[in-house]
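*Asks:* I'm passing along work.txt; it holds compact mmCIF, C-alpha atoms and all ligand atoms.
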```txt
# COMPACT_ATOMS: atom_id res chain seq x y z
CA MET A 715 68.31 -30.79 -29.33
CA LEU A 716 70.38 -27.84 -28.12
CA ILE A 717 69.57 -24.40 -29.54
CA SER A 718 72.26 -21.72 -29.41
CA VAL A 719 71.29 -18.10 -29.79
CA VAL A 720 74.11 -15.79 -30.85
CA VAL A 721 73.64 -12.12 -30.00
CA PRO A 722 76.18 -9.44 -30.99
CA CYS A 723 75.92 -6.45 -28.67
CA PHE A 724 77.51 -3.05 -29.05
CA ASN A 725 76.51 -0.44 -26.48
CA GLU A 726 73.19 -2.08 -25.73
CA GLU A 727 72.91 -1.40 -21.97
CA ASP A 728 69.40 0.02 -22.43
CA VAL A 729 67.83 -3.06 -23.92
CA ILE A 730 69.98 -6.07 -23.12
CA ALA A 731 68.32 -7.10 -19.83
CA ARG A 732 64.85 -6.72 -21.29
CA PHE A 733 65.91 -8.59 -24.41
CA HIS A 734 67.31 -11.40 -22.27
CA ASP A 735 64.11 -11.85 -20.25
CA HIS A 736 62.02 -11.86 -23.37
CA LEU A 737 64.29 -14.34 -25.12
CA VAL A 738 64.53 -16.75 -22.19
CA MET A 739 60.77 -16.75 -21.80
CA GLU A 740 60.34 -17.59 -25.44
CA LEU A 741 63.03 -20.30 -25.47
CA ALA A 742 61.66 -21.91 -22.32
CA MET A 743 58.27 -22.20 -24.02
CA ILE A 744 59.80 -23.91 -27.03
CA GLY A 745 61.07 -26.57 -24.68
CA HIS A 746 64.42 -27.58 -26.17
CA ASP A 747 67.70 -27.13 -24.31
CA PHE A 748 69.24 -23.77 -25.07
CA GLU A 749 72.23 -21.53 -24.53
CA ILE A 750 72.62 -17.84 -25.29
CA VAL A 751 75.97 -16.62 -26.55
CA TYR A 752 76.31 -12.88 -26.09
CA VAL A 753 79.21 -11.22 -27.85
CA ASP A 754 80.12 -7.85 -26.44
CA ASP A 755 81.74 -6.03 -29.33
CA GLY A 756 83.89 -3.70 -27.25
CA SER A 757 80.99 -1.70 -25.83
CA ARG A 758 81.89 1.50 -24.05
CA ASP A 759 78.88 1.41 -21.74
CA ARG A 760 77.76 -1.08 -19.07
CA THR A 761 76.93 -3.86 -21.51
CA LEU A 762 79.75 -6.13 -20.31
CA SER A 763 78.93 -5.80 -16.62
CA ILE A 764 75.28 -6.53 -17.37
CA LEU A 765 76.33 -9.62 -19.31
CA GLU A 766 78.55 -10.73 -16.42
CA GLN A 767 75.63 -10.40 -14.04
CA LEU A 768 73.40 -12.36 -16.39
CA GLY A 769 76.10 -15.02 -16.61
CA ASP A 770 76.26 -15.36 -12.83
CA ARG A 771 72.50 -15.55 -12.50
CA ASP A 772 71.60 -17.69 -15.49
CA GLY A 773 73.38 -20.91 -16.44
CA HIS A 774 72.23 -20.54 -20.03
CA VAL A 775 74.34 -17.46 -20.60
CA ARG A 776 77.71 -17.55 -22.28
CA PHE A 777 79.44 -14.34 -23.13
CA VAL A 778 82.53 -13.29 -25.02
CA SER A 779 83.80 -9.75 -24.73
CA PHE A 780 86.15 -8.16 -27.28
CA SER A 781 89.12 -5.99 -26.41
CA ARG A 782 87.68 -3.26 -28.64
CA ASN A 783 84.98 -2.76 -31.27
CA PHE A 784 85.69 -5.19 -34.11
CA GLY A 785 82.36 -4.83 -35.88
CA LYS A 786 79.25 -6.95 -36.09
CA GLU A 787 80.74 -9.37 -38.59
CA ALA A 788 83.53 -10.30 -36.19
CA ALA A 789 81.02 -10.52 -33.35
CA MET A 790 78.87 -12.95 -35.29
CA LEU A 791 81.90 -15.05 -36.16
CA ALA A 792 82.91 -15.24 -32.50
CA GLY A 793 79.36 -16.16 -31.55
CA LEU A 794 79.22 -18.98 -34.08
CA GLN A 795 82.62 -20.25 -32.94
CA HIS A 796 81.53 -20.32 -29.32
CA ALA A 797 78.11 -21.85 -29.95
CA SER A 798 77.78 -25.59 -29.50
CA GLY A 799 74.12 -26.03 -30.43
CA ASP A 800 72.62 -28.39 -32.99
CA ALA A 801 70.95 -25.31 -34.39
CA VAL A 802 72.22 -21.76 -34.07
CA VAL A 803 70.08 -18.63 -34.21
CA ILE A 804 71.71 -15.27 -34.91
CA MET A 805 69.79 -12.22 -33.78
CA ASP A 806 70.22 -8.57 -32.78
CA ALA A 807 70.03 -7.41 -29.19
CA ASP A 808 67.83 -4.39 -29.91
CA LEU A 809 64.51 -6.31 -30.03
CA GLN A 810 64.18 -5.61 -33.75
CA HIS A 811 64.35 -9.35 -34.25
CA PRO A 812 61.29 -10.69 -32.41
CA PRO A 813 62.18 -13.76 -30.29
CA GLU A 814 58.68 -15.15 -30.99
CA LEU A 815 59.90 -16.09 -34.46
CA ILE A 816 62.38 -18.63 -33.11
CA ARG A 817 59.60 -21.15 -32.62
CA ARG A 818 58.78 -20.97 -36.31
CA MET A 819 62.46 -21.36 -37.15
CA VAL A 820 62.69 -24.45 -34.96
CA ASP A 821 59.69 -25.97 -36.74
CA LEU A 822 61.15 -25.31 -40.17
CA HIS A 823 64.52 -26.62 -39.01
CA ALA A 824 62.77 -29.80 -37.91
CA ASP A 825 61.34 -30.06 -41.43
CA GLY A 826 64.89 -30.41 -42.66
CA TYR A 827 65.89 -26.88 -43.61
CA ASP A 828 69.52 -26.00 -42.88
CA GLN A 829 68.97 -22.27 -43.07
CA VAL A 830 65.76 -20.66 -41.90
CA ILE A 831 65.68 -16.97 -42.72
CA ALA A 832 63.37 -14.39 -41.25
CA LYS A 833 63.02 -11.70 -43.88
CA ARG A 834 61.86 -8.30 -42.79
CA THR A 835 59.46 -6.12 -44.66
CA ARG A 836 60.59 -2.57 -45.22
CA GLU A 837 57.69 -1.03 -43.37
CA GLY A 838 58.62 1.99 -41.26
CA ASP A 839 61.85 2.55 -43.15
CA ARG A 840 62.56 5.88 -44.67
CA VAL A 841 61.38 5.95 -48.30
CA THR A 842 64.79 7.02 -49.56
CA ARG A 843 66.44 4.09 -47.87
CA THR A 844 63.88 1.68 -49.30
CA ILE A 845 64.41 2.97 -52.83
CA ALA A 846 68.18 2.93 -52.44
CA ALA A 847 68.04 -0.64 -51.15
CA ARG A 848 65.87 -1.79 -54.06
CA ALA A 849 68.20 -0.25 -56.61
CA TYR A 850 71.23 -1.64 -54.86
CA TYR A 851 69.93 -5.21 -54.84
CA ARG A 852 68.97 -4.99 -58.47
CA VAL A 853 72.50 -3.94 -59.41
CA ILE A 854 74.37 -6.24 -57.10
CA ASN A 855 72.51 -9.36 -58.12
CA ARG A 856 73.62 -8.81 -61.69
CA LEU A 857 77.19 -8.58 -60.54
CA VAL A 858 77.84 -11.13 -57.81
CA ASP A 859 77.64 -14.90 -58.09
CA VAL A 860 75.48 -15.51 -55.04
CA GLU A 861 71.92 -14.28 -54.73
CA LEU A 862 71.34 -11.51 -52.22
CA VAL A 863 67.76 -10.74 -51.24
CA ASP A 864 66.46 -7.39 -50.07
CA GLY A 865 65.29 -7.52 -46.46
CA VAL A 866 67.20 -10.68 -45.70
CA GLY A 867 69.65 -9.90 -42.95
CA ASP A 868 71.48 -11.86 -40.35
CA PHE A 869 68.39 -12.97 -38.44
CA ARG A 870 68.32 -16.68 -39.19
CA MET A 871 68.73 -20.17 -37.88
CA LEU A 872 71.57 -22.36 -39.11
CA SER A 873 71.83 -26.09 -38.72
CA ARG A 874 75.04 -27.51 -37.30
CA ARG A 875 76.40 -28.36 -40.73
CA ALA A 876 75.54 -24.94 -42.12
CA THR A 877 77.25 -23.35 -39.10
CA ASP A 878 80.35 -25.47 -39.62
CA ALA A 879 80.33 -24.53 -43.29
CA VAL A 880 80.22 -20.82 -42.46
CA LEU A 881 83.06 -21.32 -40.00
CA GLU A 882 85.16 -22.88 -42.77
CA LEU A 883 85.10 -19.54 -44.57
CA THR A 884 87.95 -17.89 -42.74
CA GLU A 885 88.33 -14.76 -44.85
CA TYR A 886 89.15 -11.52 -43.12
CA ASN A 887 86.75 -9.30 -45.05
CA ARG A 888 83.51 -10.85 -43.97
CA PHE A 889 80.30 -9.94 -45.76
CA SER A 890 78.04 -12.40 -43.99
CA LYS A 891 74.98 -11.79 -46.13
CA GLY A 892 77.05 -13.15 -48.98
CA LEU A 893 78.75 -15.85 -46.92
CA PHE A 894 75.43 -17.31 -45.81
CA ALA A 895 74.17 -17.26 -49.38
CA TRP A 896 77.39 -18.82 -50.61
CA VAL A 897 77.05 -21.75 -48.20
CA GLY A 898 73.69 -22.72 -49.62
CA PHE A 899 71.94 -25.88 -48.30
CA PRO A 900 68.14 -26.17 -48.21
CA THR A 901 66.85 -22.77 -47.19
CA ALA A 902 63.44 -21.61 -46.03
CA THR A 903 62.42 -17.96 -45.83
CA PHE A 904 59.47 -16.36 -44.13
CA GLU A 905 58.51 -12.71 -43.72
CA TYR A 906 57.94 -10.72 -40.59
CA GLN A 907 56.78 -7.21 -39.92
CA ASN A 908 59.70 -4.87 -39.42
CA ALA A 909 59.86 -3.47 -35.90
CA VAL A 910 61.23 -0.02 -35.23
CA ARG A 911 64.20 0.05 -32.85
CA GLU A 912 62.93 0.61 -29.32
CA GLN A 913 65.86 2.15 -27.55
CA GLY A 914 69.37 3.26 -28.28
CA ARG A 915 70.07 4.09 -31.87
CA SER A 916 71.10 2.29 -35.01
CA LYS A 917 74.82 2.32 -35.67
CA TRP A 918 74.24 2.65 -39.39
CA THR A 919 75.06 5.98 -40.89
CA PHE A 920 74.77 6.74 -44.58
CA GLY A 921 78.53 6.45 -45.03
CA LYS A 922 78.61 3.07 -43.29
CA LEU A 923 75.82 1.78 -45.50
CA LEU A 924 77.66 2.95 -48.59
CA ASN A 925 80.81 1.16 -47.50
CA TYR A 926 78.83 -1.94 -46.67
CA GLY A 927 77.30 -1.88 -50.12
CA LEU A 928 80.71 -1.61 -51.75
CA ASP A 929 81.96 -4.49 -49.61
CA GLY A 930 79.15 -6.62 -50.92
CA LEU A 931 80.07 -5.75 -54.44
CA LEU A 932 83.77 -6.40 -54.04
CA SER A 933 83.73 -9.41 -51.71
CA PHE A 934 82.26 -11.92 -54.05
CA ASN A 935 84.03 -11.77 -57.37
CA ASN A 936 86.23 -9.72 -59.61
CA LYS A 937 83.57 -8.43 -61.96
CA PRO A 938 84.34 -4.79 -61.13
CA LEU A 939 87.86 -5.43 -62.44
CA ARG A 940 86.37 -6.94 -65.57
CA ILE A 941 84.10 -3.92 -66.00
CA ALA A 942 87.08 -1.61 -65.63
CA LEU A 943 88.85 -3.57 -68.33
CA TYR A 944 85.91 -3.38 -70.73
CA LEU A 945 85.50 0.31 -70.07
CA GLY A 946 89.17 0.82 -70.87
CA MET A 947 88.84 -1.09 -74.13
CA LEU A 948 85.72 0.86 -75.06
CA LEU A 949 87.47 4.17 -74.47
CA LEU A 950 90.49 3.02 -76.43
CA SER A 951 88.37 2.16 -79.46
CA VAL A 952 86.55 5.48 -79.22
CA ALA A 953 89.92 7.23 -79.12
CA PHE A 954 91.10 5.30 -82.21
CA ALA A 955 87.96 6.14 -84.11
CA TYR A 956 88.29 9.79 -83.16
CA ALA A 957 91.95 9.84 -84.17
CA ALA A 958 91.11 8.29 -87.53
CA TRP A 959 88.40 10.89 -88.06
CA ILE A 960 90.77 13.77 -87.22
CA VAL A 961 93.57 12.43 -89.39
CA GLY A 962 91.13 11.79 -92.23
CA GLY A 963 89.81 15.33 -91.87
CA ALA A 964 93.34 16.75 -91.88
CA LEU A 965 94.17 14.82 -95.06
CA VAL A 966 91.07 16.08 -96.84
CA ASN A 967 90.79 19.65 -95.52
CA GLY A 968 94.33 20.43 -94.45
CA VAL A 969 95.29 21.22 -90.85
CA ARG A 970 93.31 23.76 -88.88
CA THR A 971 93.77 24.45 -85.13
CA PRO A 972 90.51 24.26 -83.24
CA GLY A 973 89.93 21.61 -80.58
CA TYR A 974 91.17 23.16 -77.33
CA VAL A 975 87.92 22.32 -75.53
CA THR A 976 87.87 18.79 -76.92
CA LEU A 977 91.41 18.34 -75.69
CA VAL A 978 90.71 19.48 -72.15
CA VAL A 979 87.52 17.46 -71.90
CA ALA A 980 89.27 14.36 -73.19
CA ILE A 981 92.14 14.73 -70.75
CA THR A 982 89.93 15.26 -67.69
CA ALA A 983 87.51 12.50 -68.63
CA LEU A 984 90.26 10.02 -69.33
CA SER A 985 92.17 10.77 -66.15
CA GLY A 986 88.91 10.42 -64.23
CA VAL A 987 88.34 7.01 -65.73
CA GLN A 988 91.90 6.01 -64.95
CA MET A 989 91.51 7.07 -61.34
CA VAL A 990 88.38 4.96 -60.98
CA MET A 991 90.11 1.95 -62.48
CA LEU A 992 93.11 2.40 -60.23
CA GLY A 993 90.71 2.67 -57.32
CA VAL A 994 89.00 -0.59 -58.25
CA ALA A 995 92.32 -2.38 -58.60
CA GLY A 996 93.49 -0.79 -55.37
CA GLU A 997 90.43 -2.06 -53.51
CA TYR A 998 91.32 -5.61 -54.43
CA VAL A 999 94.97 -5.15 -53.58
CA GLY A 1000 93.90 -3.72 -50.23
CA ARG A 1001 91.75 -6.75 -49.59
CA ILE A 1002 94.60 -9.08 -50.47
CA TYR A 1003 96.80 -7.11 -48.08
CA TYR A 1004 94.38 -7.70 -45.20
CA GLU A 1005 93.93 -11.37 -46.06
CA VAL A 1006 97.66 -11.99 -46.32
CA LYS A 1007 98.35 -10.55 -42.89
CA ARG A 1008 96.21 -13.29 -41.36
CA ARG A 1009 95.40 -11.29 -38.30
CA PRO A 1010 92.84 -12.72 -35.88
CA HIS A 1011 89.30 -11.47 -36.51
CA TYR A 1012 88.97 -10.33 -32.90
CA LEU A 1013 90.68 -10.40 -29.51
CA VAL A 1014 88.90 -11.58 -26.38
CA LYS A 1015 89.09 -9.54 -23.20
CA ALA A 1016 86.74 -11.55 -21.00
CA THR A 1017 84.60 -14.65 -21.42
CA ASN A 1018 82.95 -17.45 -19.50
CA VAL A 1019 83.39 -19.99 -22.30
CA ALA A 1020 86.55 -22.03 -22.64
CA LEU A 1021 87.38 -23.38 -26.08
CA VAL A 1022 89.19 -26.63 -25.30
CA GLN A 1023 91.05 -28.15 -28.22
CA THR A 1024 91.06 -31.92 -28.24
CA GLY A 1025 91.71 -34.50 -30.91
CA SER A 1026 94.70 -34.70 -33.21
CA ARG A 1027 96.62 -31.70 -34.41
CA ASN A 1028 95.58 -32.27 -37.98
CA ALA A 1029 91.94 -32.69 -37.17
CA PRO A 1030 91.45 -30.65 -34.03
CA GLU A 1031 88.13 -30.89 -32.32
CA VAL A 1032 86.94 -28.02 -30.24
CA ARG A 1033 84.97 -28.54 -27.06
CA LYS A 1034 83.20 -25.58 -25.50
CA GLU A 1035 82.95 -25.50 -21.75
CA LEU A 1036 81.47 -23.05 -19.34
CA VAL A 1037 84.02 -21.66 -16.91
CA ARG A 1038 82.72 -21.49 -13.39
N1 LIG B 1 76.52 -4.42 -33.40
C1 LIG B 1 77.76 -4.95 -33.07
N2 LIG B 1 78.89 -4.26 -33.41
C2 LIG B 1 78.85 -3.09 -34.11
C3 LIG B 1 77.58 -2.57 -34.47
C4 LIG B 1 76.44 -3.27 -34.11
O1 LIG B 1 77.84 -6.01 -32.45
O2 LIG B 1 79.91 -2.52 -34.38
C5 LIG B 1 75.28 -5.15 -33.02
C6 LIG B 1 74.26 -4.31 -32.27
O3 LIG B 1 74.48 -4.34 -30.89
C7 LIG B 1 72.96 -5.00 -32.64
C8 LIG B 1 73.22 -5.52 -34.04
O4 LIG B 1 74.64 -5.56 -34.19
O5 LIG B 1 72.67 -6.09 -31.77
C9 LIG B 1 72.60 -4.64 -35.11
O6 LIG B 1 73.02 -3.30 -34.96
P1 LIG B 1 72.06 -2.07 -35.27
O7 LIG B 1 70.75 -2.25 -34.57
O8 LIG B 1 72.84 -0.84 -34.97
O9 LIG B 1 71.87 -2.20 -36.84
P2 LIG B 1 70.49 -2.16 -37.66
O10 LIG B 1 69.47 -2.95 -36.90
O11 LIG B 1 70.12 -0.74 -37.78
O12 LIG B 1 70.84 -2.80 -38.98
MG MG B 2 68.88 -2.77 -35.10
```
Translate this file's structure into structure tokens.
Ligand code: UDP
Ligand code: MG
*Replies:*
Amino acid sequence: MLISVVVPCFNEEDVIARFHDHLVMELAMIGHDFEIVYVDDGSRDRTLSILEQLGDRDGHVRFVSFSRNFGKEAAMLAGLQHASGDAVVIMDADLQHPPELIRRMVDLHADGYDQVIAKRTREGDRVTRTIAARAYYRVINRLVDVELVDGVGDFRMLSRRATDAVLELTEYNRFSKGLFAWVGFPTATFEYQNAVREQGRSKWTFGKLLNYGLDGLLSFNNKPLRIALYLGMLLLSVAFAYAAWIVGGALVNGVRTPGYVTLVVAITALSGVQMVMLGVAGEYVGRIYYEVKRRPHYLVKATNVALVQTGSRNAPEVRKELVR
């Protein structure tokens, strides 16, 4: 069995060499064949040159380097595309995903699980972030079709068929938490103690997390559009009822002229609601725009893996070879 480990790296010069040693030690103990696919996501530090050195020194190392920062989702996609293993592990380079857990993943994979997920506890997280995450998952699981679990990230092992299934999802807006859940297959989950990042710093800011959350909400169905529609209908019926009440009052009591405040409040509230609805619709249109353009998910600047296309044009087969 060949195990591939996919590692997205963005400005990880501080940890990457240490991570590599640790990982290789662990994989060697497991005893299966292995390869490590590093994806340099357009780092602006020495990450690429370190990866090149590792590649020269260690025959297990494959690397792909992007022309600029395309984001972790694109990096994971590239890693999966360049991995040729029977089982593929995805993990972070910052040692927050302990390599010791791979052994357990291999065992569970051998038991027939296509996805083996290491779920982190929220220990050591800021309380606010924990609460926000809880609330978010409660809301989102009511809205989207797939089940998203708090603490379940990208640290997991995929079987070959699960990997191929993920690669069939070619959408441009990739929300991999959802994509993995969408693929399904027998899945095993186990918990591990969350480790605090050792060096460098997390690339997640509050704004990024907020955007990520919205992506999750919008990537998986059109329920927000449906909610906008219902809200519109609700407001319309309220307006009708109010109109009837006013007209009725005018018929009974004659016309008086109060209501300036009501008028202003109604106008601002309604235009606010309309803005939100336009925004929701716009989000989807924007997504369609990106999908329709069919741009590549990433561009490669340097690599030591050659993707060789063989087979027929209709059913191309891709062979991955190390360039020497
Ligand atoms: N990463 C990446 N591209 C990015 C941001 C992050 O490839 O644009 C990688 C990063 O090098 C790390 C992993 O994704 O290996 C997780 O990033 P980070 O530790 O910043 O996120 P967190 O652990 O806080 O969720
Ligand atoms: Mg991290």
*Asks:* Could you name the residues that touch Pro813 (chain A) at 8 Å or less, counting only C-alpha atoms, but leaving out those on the same chain fewer than 6 positions away, as a list in words?
*Replies:* His736, Leu737 and Glu740 of chain A
*Asks:* Which of these residues is nearest to ligand MG 2 (chain B), using all atoms listed in the file: A:Gly963, A:Pro812, A:Gly745, A:Pro900?
*Replies:*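 For ligand MG 2 (chain B), the nearest of the candidates is A:Pro812.
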*Asks:* Might you pull out every residue within 9 Å of Ile816 (chain A), with all atoms listed in the file counted and same-chain residues fewer than 2 positions away left off, and present them as a PyMOL selection string?
*Replies:* chain A and resi 740-741+744+803+812-814+818-821+870-871
*Asks:* For ligand LIG 1 (chain B), list the contacting residues at 7 Å or closer, counting only C-alpha atoms and all ligand atoms, as a PDB file with C-alpha atoms, in the frame of the given file.
*Replies:*
```pdb
ATOM      1  CA  VAL A 721      73.640 -12.120 -30.000  1.00  0.00           C
ATOM      2  CA  PRO A 722      76.180  -9.440 -30.990  1.00  0.00           C
ATOM      3  CA  CYS A 723      75.920  -6.450 -28.670  1.00  0.00           C
ATOM      4  CA  PHE A 724      77.510  -3.050 -29.050  1.00  0.00           C
ATOM      5  CA  ASN A 725      76.510  -0.440 -26.480  1.00  0.00           C
ATOM      6  CA  GLU A 726      73.190  -2.080 -25.730  1.00  0.00           C
ATOM      7  CA  ASP A 754      80.120  -7.850 -26.440  1.00  0.00           C
ATOM      8  CA  ASP A 755      81.740  -6.030 -29.330  1.00  0.00           C
ATOM      9  CA  ASN A 783      84.980  -2.760 -31.270  1.00  0.00           C
ATOM     10  CA  PHE A 784      85.690  -5.190 -34.110  1.00  0.00           C
ATOM     11  CA  GLY A 785      82.360  -4.830 -35.880  1.00  0.00           C
ATOM     12  CA  LYS A 786      79.250  -6.950 -36.090  1.00  0.00           C
ATOM     13  CA  ALA A 789      81.020 -10.520 -33.350  1.00  0.00           C
ATOM     14  CA  ASP A 806      70.220  -8.570 -32.780  1.00  0.00           C
ATOM     15  CA  ALA A 807      70.030  -7.410 -29.190  1.00  0.00           C
ATOM     16  CA  ASP A 808      67.830  -4.390 -29.910  1.00  0.00           C
ATOM     17  CA  GLN A 810      64.180  -5.610 -33.750  1.00  0.00           C
ATOM     18  CA  ARG A 915      70.070   4.090 -31.870  1.00  0.00           C
ATOM     19  CA  SER A 916      71.100   2.290 -35.010  1.00  0.00           C
ATOM     20  CA  LYS A 917      74.820   2.320 -35.670  1.00  0.00           C
ATOM     21  CA  TRP A 918      74.240   2.650 -39.390  1.00  0.00           C
TER      22      TRP A 918
END
```
*Asks:* What is the CA of Tyr1004 (chain A)-CA of Phe934 (chain A) distance in Å, reported with one decimal?
*Replies:*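 Result for CA of Tyr1004 (chain A) versus CA of Phe934 (chain A): 15.6 Å, one decimal.
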*Asks:* Record the distance separating CA of Asn936 (chain A) and CA of Asp859 (chain A), expressed in Å with one decimal.
*Replies:*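 Between these atoms lies a distance of 10.1 Å.
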*Asks:* By how many Å are CA of Leu893 (chain A) and CA of Ser933 (chain A) apart?
*Replies:*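 Calculated distance between CA of Leu893 (chain A) and CA of Ser933 (chain A) is 9.4 Å.
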*Asks:* Between A:Val729, A:Leu939, A:Leu883, A:Leu862, single out the one closest to ligand MG 2 (chain B), counting all atoms listed in the file.
*Replies:*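 Smallest distance to ligand MG 2 (chain B) is found for A:Val729.
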*Asks:* Compile the contact shell of Tyr998 (chain A) as a ChimeraX atom specification: residues with an atom at most 12 Å away, counting all atoms listed in the file, same-chain residues fewer than 3 positions apart removed.
*Replies:* /A:887,928-929,931-939,991-995,1001-1005
*Asks:* Taking 4 positions as the minimum chain separation for residues in the same chain, which residues sit within 8 Å of Tyr752 (chain A) when counting all atoms listed in the file? Answer as a JSON list (two decimals) with C-alpha atoms, keeping the file's coordinate frame.
*Replies:*
```json
[["chain", "number", "residue", "atom", "x", "y", "z"],
["A", 720, "VAL", "CA", 74.11, -15.79, -30.85],
["A", 721, "VAL", "CA", 73.64, -12.12, -30.00],
["A", 722, "PRO", "CA", 76.18, -9.44, -30.99],
["A", 723, "CYS", "CA", 75.92, -6.45, -28.67],
["A", 765, "LEU", "CA", 76.33, -9.62, -19.31],
["A", 775, "VAL", "CA", 74.34, -17.46, -20.60],
["A", 776, "ARG", "CA", 77.71, -17.55, -22.28],
["A", 777, "PHE", "CA", 79.44, -14.34, -23.13],
["A", 778, "VAL", "CA", 82.53, -13.29, -25.02],
["A", 793, "GLY", "CA", 79.36, -16.16, -31.55]]
```
*Asks:* Please determine, counting only C-alpha atoms and all ligand atoms, which residue among A:Val751, A:Met715, A:Ala731, A:Ala909 has the shortest atom-to-atom distance to ligand MG 2 (chain B).
*Replies:*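 Ranking A:Val751, A:Met715, A:Ala731, A:Ala909 by distance to ligand MG 2 (chain B), first place goes to A:Ala909.
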*Asks:* Excluding Glu1035 (chain A) and its own-chain neighbours fewer than 5 positions away, which residues fall within 7 Å of it when counting only C-alpha atoms? Please give them as a PyMOL selection string.
*Replies:* chain A and resi 1019-1021
*Asks:* Given the choices A:Ser985, A:Ser951, A:Thr971, A:Asn908, which gets closest to ligand MG 2 (chain B) if the distance is worked out from all atoms listed in the file?
*Replies:*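 Looking only at the distances to ligand MG 2 (chain B), the closest residue turns out to be A:Asn908.
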*Asks:* Wanna dump the region 863-981 of chain A-region 825-840 of chain A contacts at 10 Å for me, each residue with its shortest atom pair and the distance in Å to one decimal, counting all atoms listed in the file, ordered by chain and number, as a tab-separated table?
*Replies:*
```
residue	atom	partner	partner_atom	distance
A:Val863	CA	A:Lys833	CA	8.8
A:Asp864	CA	A:Lys833	CA	8.3
A:Gly865	CA	A:Arg834	CA	5.1
A:Val866	CA	A:Lys833	CA	4.7
A:Gly867	CA	A:Lys833	CA	6.9
A:Asp868	CA	A:Ile831	CA	8.1
A:Phe869	CA	A:Ala832	CA	5.9
A:Arg870	CA	A:Ile831	CA	4.4
A:Met871	CA	A:Val830	CA	5.0
A:Leu872	CA	A:Gln829	CA	4.7
A:Ser873	CA	A:Asp828	CA	4.8
A:Arg874	CA	A:Asp828	CA	8.0
A:Arg875	CA	A:Asp828	CA	7.6
A:Ala876	CA	A:Asp828	CA	6.2
A:Thr877	CA	A:Asp828	CA	9.0
A:Phe894	CA	A:Gln829	CA	8.6
A:Ala895	CA	A:Gln829	CA	9.6
A:Val897	CA	A:Gln829	CA	9.6
A:Gly898	CA	A:Gln829	CA	8.1
A:Phe899	CA	A:Asp828	CA	5.9
A:Pro900	CA	A:Tyr827	CA	5.2
A:Thr901	CA	A:Gln829	CA	4.7
A:Ala902	CA	A:Val830	CA	4.8
A:Thr903	CA	A:Ile831	CA	4.6
A:Phe904	CA	A:Ala832	CA	5.2
A:Glu905	CA	A:Lys833	CA	4.6
A:Tyr906	CA	A:Arg834	CA	5.1
A:Gln907	CA	A:Thr835	CA	5.6
A:Asn908	CA	A:Arg834	CA	5.3
A:Ala909	CA	A:Gly838	CA	7.8
A:Val910	CA	A:Gly838	CA	6.9
```
*Asks:* Given all atoms listed in the file as the basis, pick out the residue of A:Leu809, A:Glu861, A:Ala942, A:Asn967 nearest to ligand MG 2 (chain B).
*Replies:*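 Nearest candidate to ligand MG 2 (chain B) out of A:Leu809, A:Glu861, A:Ala942, A:Asn967: A:Leu809.
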*Asks:* For ligand MG 2 (chain B), which residue out of A:Arg1008, A:Lys891, A:His811, A:Arg843 is the nearest one, using all atoms listed in the file?
*Replies:*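 Nearest to ligand MG 2 (chain B): A:His811.
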*Asks:* Around all listed atoms of region 934-950 of chain A, padded 4 Å per side, what centre and edge lengths does the axis-aligned box have in Å to one decimal, as JSON?
*Replies:*
```
{"center_x": 86.4, "center_y": -3.9, "center_z": -65.2, "size_x": 16.2, "size_y": 24.1, "size_z": 30.4}
```
